[in-house]
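Report on the structure given below.
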Amino acid sequence: MKIIVQKYGGTSVGDTERIKNVARRICRAKEPGVGLVVVVSAMGGTTDELIRQAQEITPEPSEREMDQLISTGEQISSALLAMAVQHDGSDAVSLTGIQVGILTDDSHTKARIFKIEPEKILESLDEDKIVIVAGFQGFNPKKDITTLGRGGSDTTAVALAAVLEADVCEIYTDVDGVYTADPRIIPDAVKLDKISYDEMLELASLGAKVIQNRAVEFAKKFNVTLHVRSSFNEVQGTFVSEEADTMSMEKVVIRGVTYNKEEAKLTITMVPDTPGVAARIFKTIADGNINVDMIIQNVSAEGFTDLSFTVPRPELVKARELVEEISRDIGAGAVSVEDEIAKVSIVGVGMKSHPGVAATMFEALAEEKINIMMISTSEIKISCVVRSDDGERAARAIHKAFGLDQE
Ligand code: ADP
Ligand code: ASP
Ligand code: MG
């Protein structure tokens with residue numbers, strides 16, 4: 001049987017009219033001999049609203065209850081969509097994460113999928129039912145509900161496509177595909193016909209939320225072709241796949257620009273410059289299950305150094321507590337935080353073989369009189385942290401400097 005996995009994001013199922021529209025699309029795709037698995041997000045804004053309500057009850061809700069709460073959004077949209085499909089005369093069944101056997105680790109609110117036991121999906125497909133899966137959720141070995149991090153329905157879809165060996169995984173969203181930058185911030189951004197896993201992974205990890213980075217990791221690992229496209233038209237979107245033709249890829253120096261204001265910066269002053277100190281600081285943060293992104297250590301003076309790094313903004317309070325404690329233990333100075341920051345990045349595999357890319361990026365920022373607070377690079381990306389007020393202007397200037405709007 002040919003299997004297609006489709007995923008519809010929050011805007012696409014944003015109200016009951018849109019859910020009916022999606023149901024019509026699904027029924028059209030359900031040709032004889034095709035097994036159709038549809039993953040849905042919560043109706044647009046629902047997850048944010050649930051998080052807001054939890055914050056009204058307590059500033060630090062337990063993570064287990066948080067997952068019980070925020071997983072409900074997808075249960076609503078999947079049931080409504082199944083009803084809409086049934087109303088249109090096709091057979092459909094909605095299933096939650098537990099029902100489709102999505103087993104995860106224990107990290108509530110950002111769980112990782114261990115394995116999937118898709119028996120129930122396979123049974124339903126055998127009965128020729130359209131299977132509608134609540135995205136974003138799984139369960140841990142204790143049978144508690146977990147969620148896969150914001151945007152996690154993408155990962156549900158790709159993981160299911162991988163275990164079911166689907167022909168394609170279609171990600172339906174509210175833009176026509178993957179662009180050279182977020183088209184809402186840079187209207188001149190250009191849609192890409194195709195992009196490699198590695199570039200998509202960097203773009204997603206650096207803030208292009210059009211697809212969750214873990215979804216791209218899965219797609220790369222299991223060689224699932226993704227087609228990112230709009231649920232509101234029939235236009236062909238962007239294919240994300242392994243790029244065979246690396247020569248032609250490397251001609252394109254920069255594939256895209258991202259902008260991310262979801263991080264915050266912590267600085268520890270007067271850190272004793274002795275072996276093992278950085279290890280202790282970052283081990284403490286890692287034990288708190290917090291991902292550190294950029295790290296800068298200043299040149300040491302008289303046996304002390306300053307250390308700055310960034311963490312996801314929602315983790316700032318927890319990170320600060322941990323860092324203040326460890327700073328006291330190691331005899332470091334004050335801890336300061338800065339959350340008015342934005343990170344702008346450029347991504348492209350062609351960077352490996354073209355000199356002067358960083359210089360072009362920094363010149364673009366200099367011309368706009370934008371100060372760079374932190375820099376980090378890898379083989380295929382360069383990121384700069386700037387003041388959040390400057391972020392969008394920085395992204396536009398860089399996009400222009402690399403001629404991305406003229407493709
Ligand atoms: P969904 O609810 O369908 O998952 P998201 O809001 O998570 O949709 O992701 C789609 C959004 O991603 C778009 O509306 C767009 O603003 C944003 N986006 C950021 N970077 C890019 C990019 N490079 N290309 C396309 N969209 C992008
Ligand atoms: N509803 C979840 C979120 O808003 C998951 C998703 O939309 O993919 O993050
Ligand atoms: Mg999303």
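Letters A, B, ... go to the chains of the structure tokens in the order shown; residues in each chain start at 1; ligands are counted from 1 in the same order.
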Any idea what's packed within 6 Å of stretch 311-328 of chain A, counting only C-alpha atoms, ignoring anything in its chain fewer than 5 positions away? Could you give it as an MDAnalysis selection string?
chainID A and resid 262:264 292:293
Stretch 284-330 of chain A: residues DSSP assigns to helix (DSSP H, G or I), reported as a list of chain:residue names
A:Thr284, A:Ile285, A:Ala286, A:Asp287, A:Arg313, A:Pro314, A:Glu315, A:Leu316, A:Val317, A:Lys318, A:Ala319, A:Arg320, A:Glu321, A:Leu322, A:Val323, A:Glu324, A:Glu325, A:Ile326, A:Ser327, A:Arg328, A:Asp329, A:Ile330
Please return, as an MDAnalysis selection string, all residues of stretch 207-384 of chain A that DSSP assigns to strand (DSSP E) on the basis of the backbone.
chainID A and resid 226:230 238:241 256:260 263:272 295:297 304:312 335:338 341:347 374:378 381:384
Which residue out of A:Thr360, A:Asn233, A:Ser378, A:Gln86 has the minimum interatomic distance to A:Ile398 when only C-alpha atoms are used?
A:Thr360
Taking only residues of stretch 154-198 of chain A that have an atom at most 12 Å from an atom of stretch 91-105 of chain A, what is each one's shortest atom pair and its distance in Å to one decimal, using only C-alpha atoms, in chain and number order, as CSV?
residue,atom,partner,partner_atom,distance
A:Thr155,CA,A:Ile102,CA,11.1
A:Thr156,CA,A:Ile102,CA,8.4
A:Ala157,CA,A:Ile102,CA,11.2
A:Ala159,CA,A:Ile102,CA,9.1
A:Leu160,CA,A:Ile102,CA,9.0
A:Val163,CA,A:Ile102,CA,10.9
A:Leu164,CA,A:Val100,CA,11.8
Restrict the calculation to only C-alpha atoms and all ligand atoms, then for each residue of chain A with any atom at most 7 Å from an atom of ligand 1 give the closest atom pair and their distance in Å to one decimal, rows by chain and rising residue number, as JSON lines.
{"residue": "A:Tyr8", "atom": "CA", "partner": "ligand 1", "partner_atom_place_in_ligand_line": "3 (O)", "distance": 6.1}
{"residue": "A:Gly9", "atom": "CA", "partner": "ligand 1", "partner_atom_place_in_ligand_line": "3 (O)", "distance": 3.2}
{"residue": "A:Gly10", "atom": "CA", "partner": "ligand 1", "partner_atom_place_in_ligand_line": "2 (O)", "distance": 3.8}
{"residue": "A:Thr11", "atom": "CA", "partner": "ligand 1", "partner_atom_place_in_ligand_line": "2 (O)", "distance": 5.3}
{"residue": "A:Ser12", "atom": "CA", "partner": "ligand 1", "partner_atom_place_in_ligand_line": "3 (O)", "distance": 6.4}
{"residue": "A:Ser41", "atom": "CA", "partner": "ligand 1", "partner_atom_place_in_ligand_line": "2 (O)", "distance": 6.9}
{"residue": "A:Gly44", "atom": "CA", "partner": "ligand 1", "partner_atom_place_in_ligand_line": "2 (O)", "distance": 6.6}
{"residue": "A:Gly151", "atom": "CA", "partner": "ligand 1", "partner_atom_place_in_ligand_line": "7 (O)", "distance": 5.6}
{"residue": "A:Asp154", "atom": "CA", "partner": "ligand 1", "partner_atom_place_in_ligand_line": "4 (O)", "distance": 7.0}
{"residue": "A:Tyr172", "atom": "CA", "partner": "ligand 1", "partner_atom_place_in_ligand_line": "3 (O)", "distance": 6.1}
{"residue": "A:Thr173", "atom": "CA", "partner": "ligand 1", "partner_atom_place_in_ligand_line": "3 (O)", "distance": 3.5}
{"residue": "A:Asp174", "atom": "CA", "partner": "ligand 1", "partner_atom_place_in_ligand_line": "14 (O)", "distance": 5.3}
{"residue": "A:Val175", "atom": "CA", "partner": "ligand 1", "partner_atom_place_in_ligand_line": "14 (O)", "distance": 5.5}
{"residue": "A:Gly177", "atom": "CA", "partner": "ligand 1", "partner_atom_place_in_ligand_line": "25 (C)", "distance": 5.7}
{"residue": "A:Val178", "atom": "CA", "partner": "ligand 1", "partner_atom_place_in_ligand_line": "24 (N)", "distance": 3.7}
{"residue": "A:Tyr179", "atom": "CA", "partner": "ligand 1", "partner_atom_place_in_ligand_line": "24 (N)", "distance": 3.7}
{"residue": "A:Thr180", "atom": "CA", "partner": "ligand 1", "partner_atom_place_in_ligand_line": "23 (N)", "distance": 5.3}
{"residue": "A:Ala181", "atom": "CA", "partner": "ligand 1", "partner_atom_place_in_ligand_line": "23 (N)", "distance": 3.9}
{"residue": "A:Asp182", "atom": "CA", "partner": "ligand 1", "partner_atom_place_in_ligand_line": "20 (N)", "distance": 3.5}
{"residue": "A:Pro183", "atom": "CA", "partner": "ligand 1", "partner_atom_place_in_ligand_line": "16 (O)", "distance": 6.1}
{"residue": "A:Arg184", "atom": "CA", "partner": "ligand 1", "partner_atom_place_in_ligand_line": "16 (O)", "distance": 5.1}
{"residue": "A:Gly207", "atom": "CA", "partner": "ligand 1", "partner_atom_place_in_ligand_line": "20 (N)", "distance": 6.9}
{"residue": "A:Ala208", "atom": "CA", "partner": "ligand 1", "partner_atom_place_in_ligand_line": "20 (N)", "distance": 3.6}
{"residue": "A:Lys209", "atom": "CA", "partner": "ligand 1", "partner_atom_place_in_ligand_line": "12 (O)", "distance": 4.7}
{"residue": "A:Val210", "atom": "CA", "partner": "ligand 1", "partner_atom_place_in_ligand_line": "12 (O)", "distance": 3.5}
{"residue": "A:Ile211", "atom": "CA", "partner": "ligand 1", "partner_atom_place_in_ligand_line": "9 (O)", "distance": 6.2}
{"residue": "A:Gly256", "atom": "CA", "partner": "ligand 1", "partner_atom_place_in_ligand_line": "23 (N)", "distance": 6.8}
{"residue": "A:Thr258", "atom": "CA", "partner": "ligand 1", "partner_atom_place_in_ligand_line": "20 (N)", "distance": 6.5}
Just the residues within 12 Å of A:Gly89, please, counting only C-alpha atoms, with nothing from its chain fewer than 3 positions along; format it as a PDB file with N, CA and C atoms, in the first residue's frame.
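Output saved as around.pdb:
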ATOM      1  N   ALA A  23     -10.648  18.903   5.647  1.00  0.00           N
ATOM      2  CA  ALA A  23     -11.337  17.618   5.439  1.00  0.00           C
ATOM      3  C   ALA A  23     -11.555  17.366   3.945  1.00  0.00           C
ATOM      4  N   ARG A  24     -11.922  18.417   3.212  1.00  0.00           N
ATOM      5  CA  ARG A  24     -12.136  18.257   1.757  1.00  0.00           C
ATOM      6  C   ARG A  24     -10.825  17.885   1.073  1.00  0.00           C
ATOM      7  N   ILE A  26      -8.315  16.345   2.382  1.00  0.00           N
ATOM      8  CA  ILE A  26      -7.963  14.979   2.762  1.00  0.00           C
ATOM      9  C   ILE A  26      -8.761  13.985   1.929  1.00  0.00           C
ATOM     10  N   CYS A  27     -10.047  14.257   1.783  1.00  0.00           N
ATOM     11  CA  CYS A  27     -10.891  13.316   1.036  1.00  0.00           C
ATOM     12  C   CYS A  27     -10.428  13.221  -0.423  1.00  0.00           C
ATOM     13  N   ARG A  28      -9.951  14.343  -0.966  1.00  0.00           N
ATOM     14  CA  ARG A  28      -9.435  14.305  -2.345  1.00  0.00           C
ATOM     15  C   ARG A  28      -8.164  13.447  -2.438  1.00  0.00           C
ATOM     16  N   LYS A  30      -7.447  10.912  -0.660  1.00  0.00           N
ATOM     17  CA  LYS A  30      -7.683   9.500  -0.297  1.00  0.00           C
ATOM     18  C   LYS A  30      -8.150   8.722  -1.525  1.00  0.00           C
ATOM     19  N   ALA A  82     -11.741  14.563  12.317  1.00  0.00           N
ATOM     20  CA  ALA A  82     -12.304  13.245  12.000  1.00  0.00           C
ATOM     21  C   ALA A  82     -13.810  13.367  11.739  1.00  0.00           C
ATOM     22  N   MET A  83     -14.477  14.172  12.558  1.00  0.00           N
ATOM     23  CA  MET A  83     -15.924  14.375  12.348  1.00  0.00           C
ATOM     24  C   MET A  83     -16.191  15.001  10.984  1.00  0.00           C
ATOM     25  N   ALA A  84     -15.358  15.983  10.623  1.00  0.00           N
ATOM     26  CA  ALA A  84     -15.567  16.674   9.348  1.00  0.00           C
ATOM     27  C   ALA A  84     -15.360  15.721   8.169  1.00  0.00           C
ATOM     28  N   VAL A  85     -14.369  14.841   8.297  1.00  0.00           N
ATOM     29  CA  VAL A  85     -14.120  13.873   7.220  1.00  0.00           C
ATOM     30  C   VAL A  85     -15.298  12.891   7.128  1.00  0.00           C
ATOM     31  N   GLN A  86     -15.751  12.435   8.284  1.00  0.00           N
ATOM     32  CA  GLN A  86     -16.903  11.516   8.303  1.00  0.00           C
ATOM     33  C   GLN A  86     -18.126  12.192   7.690  1.00  0.00           C
ATOM     34  N   ALA A  92     -13.095   7.788   8.886  1.00  0.00           N
ATOM     35  CA  ALA A  92     -11.906   8.332   9.547  1.00  0.00           C
ATOM     36  C   ALA A  92     -11.959   8.006  11.027  1.00  0.00           C
ATOM     37  N   LYS A 129      -9.452   3.104   6.739  1.00  0.00           N
ATOM     38  CA  LYS A 129      -9.847   4.352   7.405  1.00  0.00           C
ATOM     39  C   LYS A 129      -8.760   5.402   7.229  1.00  0.00           C
ATOM     40  N   ILE A 130      -9.163   6.655   7.145  1.00  0.00           N
ATOM     41  CA  ILE A 130      -8.195   7.753   7.204  1.00  0.00           C
ATOM     42  C   ILE A 130      -7.850   7.933   8.682  1.00  0.00           C
TER      43      ILE A 130
END
May I have the residues within 10 Å of A:Met200 as a VMD selection string, using only C-alpha atoms and disregarding those fewer than 3 positions away in the same chain?
chain A and resid 178 194 to 197 203 to 206 208 210 to 213 216 to 217 220 240 to 241 255 to 256 347 to 348
Name the residues in contact with A:Glu170 at a cut-off of 8 Å, using only C-alpha atoms, excluding same-chain residues fewer than 2 positions from it; report them as a ChimeraX atom specification.
/A:4-7,168,172,226-229
Atoms to include: N, CA and C atoms. Write the selected residues as a tab-separated table (two decimals), in the first residue's frame.
chain	number	residue	atom	x	y	z
A	4	ILE	N	0.73	7.92	2.50
A	4	ILE	CA	1.03	9.35	2.51
A	4	ILE	C	0.77	9.87	3.92
A	5	VAL	N	1.70	10.64	4.43
A	5	VAL	CA	1.46	11.32	5.70
A	5	VAL	C	1.32	12.81	5.41
A	6	GLN	N	0.27	13.39	5.94
A	6	GLN	CA	0.07	14.84	5.80
A	6	GLN	C	0.01	15.44	7.20
A	7	LYS	N	0.55	16.65	7.32
A	7	LYS	CA	0.44	17.34	8.60
A	7	LYS	C	-0.14	18.73	8.38
A	168	VAL	N	5.80	10.02	1.00
A	168	VAL	CA	6.14	11.43	1.21
A	168	VAL	C	5.47	11.91	2.49
A	172	TYR	N	1.63	20.78	5.63
A	172	TYR	CA	0.76	21.87	5.18
A	172	TYR	C	0.76	23.00	6.21
A	226	LEU	N	10.36	15.51	2.51
A	226	LEU	CA	9.32	16.42	3.02
A	226	LEU	C	8.88	17.35	1.91
A	227	HIS	N	7.60	17.63	1.89
A	227	HIS	CA	7.09	18.64	0.97
A	227	HIS	C	6.35	19.67	1.81
A	228	VAL	N	6.97	20.83	1.97
A	228	VAL	CA	6.38	21.91	2.79
A	228	VAL	C	5.54	22.78	1.87
A	229	ARG	N	4.26	22.90	2.13
A	229	ARG	CA	3.39	23.64	1.21
A	229	ARG	C	2.18	24.24	1.93
